[in-house]
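A.B. asks: Structure below; questions to follow.
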Amino acid sequence: MQLQEKIKNEVIKVFKDEFNYKCSINDISIDQTPKNFSGFYTLILFPHLKSLKINLEEAGNIIGDSLIRNSEIISDYNLVKGFLNFDLKSDYLIGELSKFSSEYKSDFKKNKREIIVEFSSPNTNKPLHLGHLRNIFLGDSVSKIYKSLGYKVHKVQIINDRGIHICKSMVAWKRYGNDKSPDTEKVKGDKFVGDYYVKFEFEHKKEVFDLVKKGVSEVDAVKKSSLMKEAKSLLRKWERGDKEIIKLWKKMNGWVYDGFNSTYRSINVSFDKNYYESETYLLGKKNIEEGILKKIFYKEEDSSVWIDLSKENFDKKLLLRSDGTSVYMTQDIGTAIKRFEDFPKSEKQIYTVGNEQDYHFKVLFKILDKLGYSWAKECYHLSYGMIDLPDGKMKSREGKVVDADELISVMKDTAQKRSIELGKIDDFDGEDLTKLYQKIALSALKYHLLKVDPKKKMLFNPDESIDFQGNTGPFLLYTYARIRSIIKRAEILNIEYGKINFSIIKHISVNEKKIIDLLVNYKYILETAAESYSPSIICNYVYDLSKSYNSFYQEEKIFDGKNNETTSFKIALSDITSKVIKSLLNLLGIDITNKM
RNA sequence: GGUUCCGUAGCUCAACUGGAUAGAGCAACUGCCUUCUAAGCAGUAGGUUGAAGGUUCGAGUCCUUCCGGAAUCACCA
């Protein structure tokens with residue numbers, strides 16, 4: 001983007017020198033030239049025609065000629081209607097590349113800023129599914145993007161480990177479990193517990209059905225079934241701290257955590273701190289009291305506590321029930337405050353939570369703001385769209401979900417199958433192959449979920465496998481591996497490429513210009529991705545870069561036998577491209593491989 | 001019903017926030033491996049951007065109305 005700013009400044013000067021027309025940088029628009037026109041950047045003339053007082057063609061030629069004479073960036077131009085397309089000077093780009101190659105890492109040193117990022121945040125009554133994966137990859141990637149810009153990032157999740165849903169699993173296990181465990185059944189712990197949750201729902205439905213047949217209304221039947229009564233009784237016992245129940249609760253949650261941790265490990269994601277709802281669900285009450293004293297909240301006659309946000313275009317919101325117990329909002333207020341106590345230097349918190357809770361977070365941030373927390377205005381709800389299946393929403397209660405572990409396992413199988421088909425596995429031994437399949441599978445899955453704008457809902461069809469060709473993770477891995485193979489060959493041939501002085505190169509190809517133009521945008525892209533909390537921007541960028549490199553690779557021979565400075569330059573350009581691809585993939589949580 | 005979001009090639013997604021002839025990938029069809037990895041490259045075909053108006057030099061993007069879809073509006077979590 002720097003480059004566009006520079007061109008704008010040059011254009012301003014031309015306007016002034018040639019036409020005595022003064023305008024500010026905001027009046028000028030320089031766009032990237034669309035692919036079917038030649039050039040890199042385009043000045044749009046229409047808005048200036050009145051001020052320039054001559055016709056389009058004349059104006060375009062005068063501006064273009066003047067820039068060719070005076071610009072340090074622009075080497076040539078062509079005029080199509082009101083669009084003045086610029087070509088870029090080789091030596092300018094080479095200079096930029098040279099600067100970039102020595103600086104691109106060191107630019108992002110620690111900046112002492114800190115943030116908190118929440119993501120994943122599962123319930124302990126069911127295994128992770130595809131929706132969680134979108135959440136996790138998003139949160140993890142945004143964390144990495146901020147980290148790469150020098151922030152200290154605290155990755156946290158809140159585990160919803162208490163409540164009626166966990167009690168349901170407990171009831172079912174007590175009734176039907178016969179003391180089985182994940183170990184005895186050789187089942188992953190989260191799956192094991194999740195199955196009892198489903199069992200509960202199934203038996204409960206049967207019971208309700210029987211009750212309704214006996215003439216009980218459906219609403220009553222749901223409440224009156226023996227299973228539901230027992231679940232509620234367990235919840236009360238849990239809240240009283242009943243030792244038996246707590247023991248069972250700990251045992252079953254322990255199984256679930258083993259399962260979650262195994263999934264997290266398999267997708268290479270970790271957290272700096274876990275919060276458990278069982279420890280935070282009472283937080284916030286104190287803050288509500290303070291809010292009442294400050295007259296931000298008010299008490300109804302039945303002693304329930306509310307906030308009236310109708311002036312801010314929200315509704316009234318309940319904060320404490322009439323019996324004094326807290327609601328979701330209460331806990332979130334308390335937890336937010338606790339997090340900033342735990343990480344006091346943080347300037348903001350990013351919540352990775354689905355867009356079904358858009359309203360909730362708007363209200364939460366508003367309340368925190370009213371309570372006087374300065375960071376409240378900086379907090380951000382990283383809201384993402386749901387993943388729909390071809391026949392509608394995923395519904396965990398009905399078992400209509402795409403299970404995370406299963407999906408990963410299918411992806412690995414596909415990676416293996418494809419690799420064997422393509423005859424890619426000859427140079428590997430067994431253990432390396434397992435790692436390779438893992439990397440390819442995860443690259444495909446992560447990239448598939450991250451390349452879509454987070455805000456948008458996406459469709460997932462389990463019958464169509466995720467692609468490995470085209471705009472995909474494996475394509476990016478492949479491009480990287482290809483380049484590393486070039487570098488390896490350069491080293492074998494003993495061709496120097498790291499220390500060459502770029503300035504001896506006088507002319508470079510369009511392919512090379514495209515690559516450099518993309519490379520030097522690196523920092524701008526990172527900042528844009530961070531500002532918009534959008535890994536999809538990184539995806540688009542790394543795809544463009546890889547695509548441009550592959551065209552270059554295909555059309556221009558690197559090892560042409562001459563082994564002169566041009567060869568060295570091409571290798572150096574390849575080397576730095578691969579390094580940038582690697583760090584971009586790293587931001588997406590994707591591990592590279594040197595060969596595939 | 002109120003509020004918010006969405007609708008782009010057969011399918012999955014882009015479009016630098018108002019710029020050109022709306023781009024990629026998949027699927028289909030053509031070429032390119034005796035030379036750096038063909039998970040690649042080059043090309044063909046595919047569109048009234050849900051519909052109709054409006055704003056202006058210029059609209060997928062902004063405004064209005066309609067059609068279709070989703071979310072949310074609980075003393076549920």
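Simple scheme: letters A, B, ... for chains in structure tokens order, numbers from 1 for residues in each chain, numbers from 1 for ligands in the order shown.
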Using only C-alpha atoms (C1' of nucleotides), what table do you get, as CSV, when you list each residue of chain B with an atom no more than 10 Å from chain A, its nearest pair of atoms, and their distance in Å rounded to one decimal, rows by chain then rising number?
C.D. replies:
residue,atom,partner,partner_atom,distance
B:U3,C1',A:Phe314,CA,9.1
B:U4,C1',A:Tyr359,CA,8.6
B:C5,C1',A:Lys456,CA,9.0
B:C6,C1',A:Lys456,CA,7.8
B:U12,C1',A:Leu459,CA,8.1
B:C13,C1',A:Val452,CA,6.8
B:A14,C1',A:Asn540,CA,8.2
B:C16,C1',A:Asp31,CA,7.3
B:G19,C1',A:Ile44,CA,7.5
B:A20,C1',A:Phe83,CA,7.3
B:U21,C1',A:Asn36,CA,8.5
B:G23,C1',A:Lys35,CA,8.5
B:A24,C1',A:Asn471,CA,7.7
B:G25,C1',A:Asn471,CA,5.1
B:C26,C1',A:Asp467,CA,7.6
B:U35,C1',A:Lys557,CA,9.0
B:C36,C1',A:Ile486,CA,6.0
B:U37,C1',A:Arg482,CA,5.8
B:A38,C1',A:Leu422,CA,9.7
B:A39,C1',A:Gln469,CA,5.6
B:G40,C1',A:Asn550,CA,7.2
B:C41,C1',A:Gln554,CA,5.7
B:A42,C1',A:Ser551,CA,9.3
B:C57,C1',A:Phe46,CA,6.6
B:G58,C1',A:Phe46,CA,9.0
B:A70,C1',A:Lys457,CA,9.1
B:A71,C1',A:Glu356,CA,5.5
B:U72,C1',A:Tyr359,CA,6.7
B:C73,C1',A:Asp315,CA,8.4
B:A74,C1',A:Leu318,CA,9.7
B:C75,C1',A:Arg321,CA,4.9
B:C76,C1',A:Val327,CA,9.2
B:A77,C1',A:Tyr328,CA,6.9
A.B. asks: Please list as a PyMOL selection string every residue within 9 Å of segment 260-265 of chain A, counting only C-alpha atoms (C1' of nucleotides) and excluding residues in the same chain fewer than 2 positions away.
C.D. replies: chain A and resi 127-128+188-190+255-258+267-270+404-405
A.B. asks: By how many Å are atom CA of Tyr281 of chain A and atom CA of Asp161 of chain A apart?
C.D. replies: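 According to the coordinates, atom CA of Tyr281 of chain A and atom CA of Asp161 of chain A are separated by 10.2 Å.
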A.B. asks: Using the chain letters and numbers from this document, which residues of segment 101-336 of chain A does DSSP assign to helix (DSSP H, G or I), as a PyMOL selection string?
C.D. replies: chain A and resi 101-103+106-108+130-148+164-176+182-185+189-213+218-224+226-240+243-266+277-280+285-293+310-312+328-336
A.B. asks: Let me make sure I understand: among B:G60, B:G68, B:G31, B:G10, which one has the smallest atom-to-atom distance to G46 of chain B if we use only C-alpha atoms (C1' of nucleotides)?
C.D. replies: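 Comparing B:G60, B:G68, B:G31, B:G10 against G46 of chain B, the winner is B:G10.
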A.B. asks: What's the 9 Å shell around segment 244-246 of chain A, counting only C-alpha atoms (C1' of nucleotides), without same-chain residues fewer than 5 positions away, as a list in words?
C.D. replies: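 Contacts, with the query itself left out: Met170, Leu234, Leu235, Lys237, Trp238 and Lys251 of chain A.
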A.B. asks: Take the residues from that selection and put them in a file with N, CA and C atoms, as a compact mmCIF listing (two decimals), in the first residue's frame.
C.D. replies:
# COMPACT_ATOMS: atom_id res chain seq x y z
N MET A 170 -24.67 -37.56 33.11
CA MET A 170 -24.41 -38.28 34.36
C MET A 170 -25.56 -39.22 34.70
N LEU A 234 -29.83 -33.89 40.31
CA LEU A 234 -28.36 -33.93 40.29
C LEU A 234 -27.78 -32.52 40.27
N LEU A 235 -28.41 -31.65 39.48
CA LEU A 235 -27.91 -30.28 39.39
C LEU A 235 -27.96 -29.59 40.76
N LYS A 237 -27.97 -31.10 43.68
CA LYS A 237 -26.95 -31.73 44.52
C LYS A 237 -25.56 -31.19 44.20
N TRP A 238 -25.31 -31.02 42.90
CA TRP A 238 -24.01 -30.49 42.48
C TRP A 238 -23.80 -29.11 43.09
N LYS A 251 -15.13 -37.21 37.47
CA LYS A 251 -14.68 -38.38 36.71
C LYS A 251 -15.09 -38.24 35.24
A.B. asks: Tell me which protein, DNA and RNA residues are within 7 Å of segment 6-15 of chain A, counting only C-alpha atoms (C1' of nucleotides), leaving out same-chain ones fewer than 5 positions away, and put them as a PyMOL selection string.
C.D. replies: chain A and resi 20-23+25+28+30+63+66+71
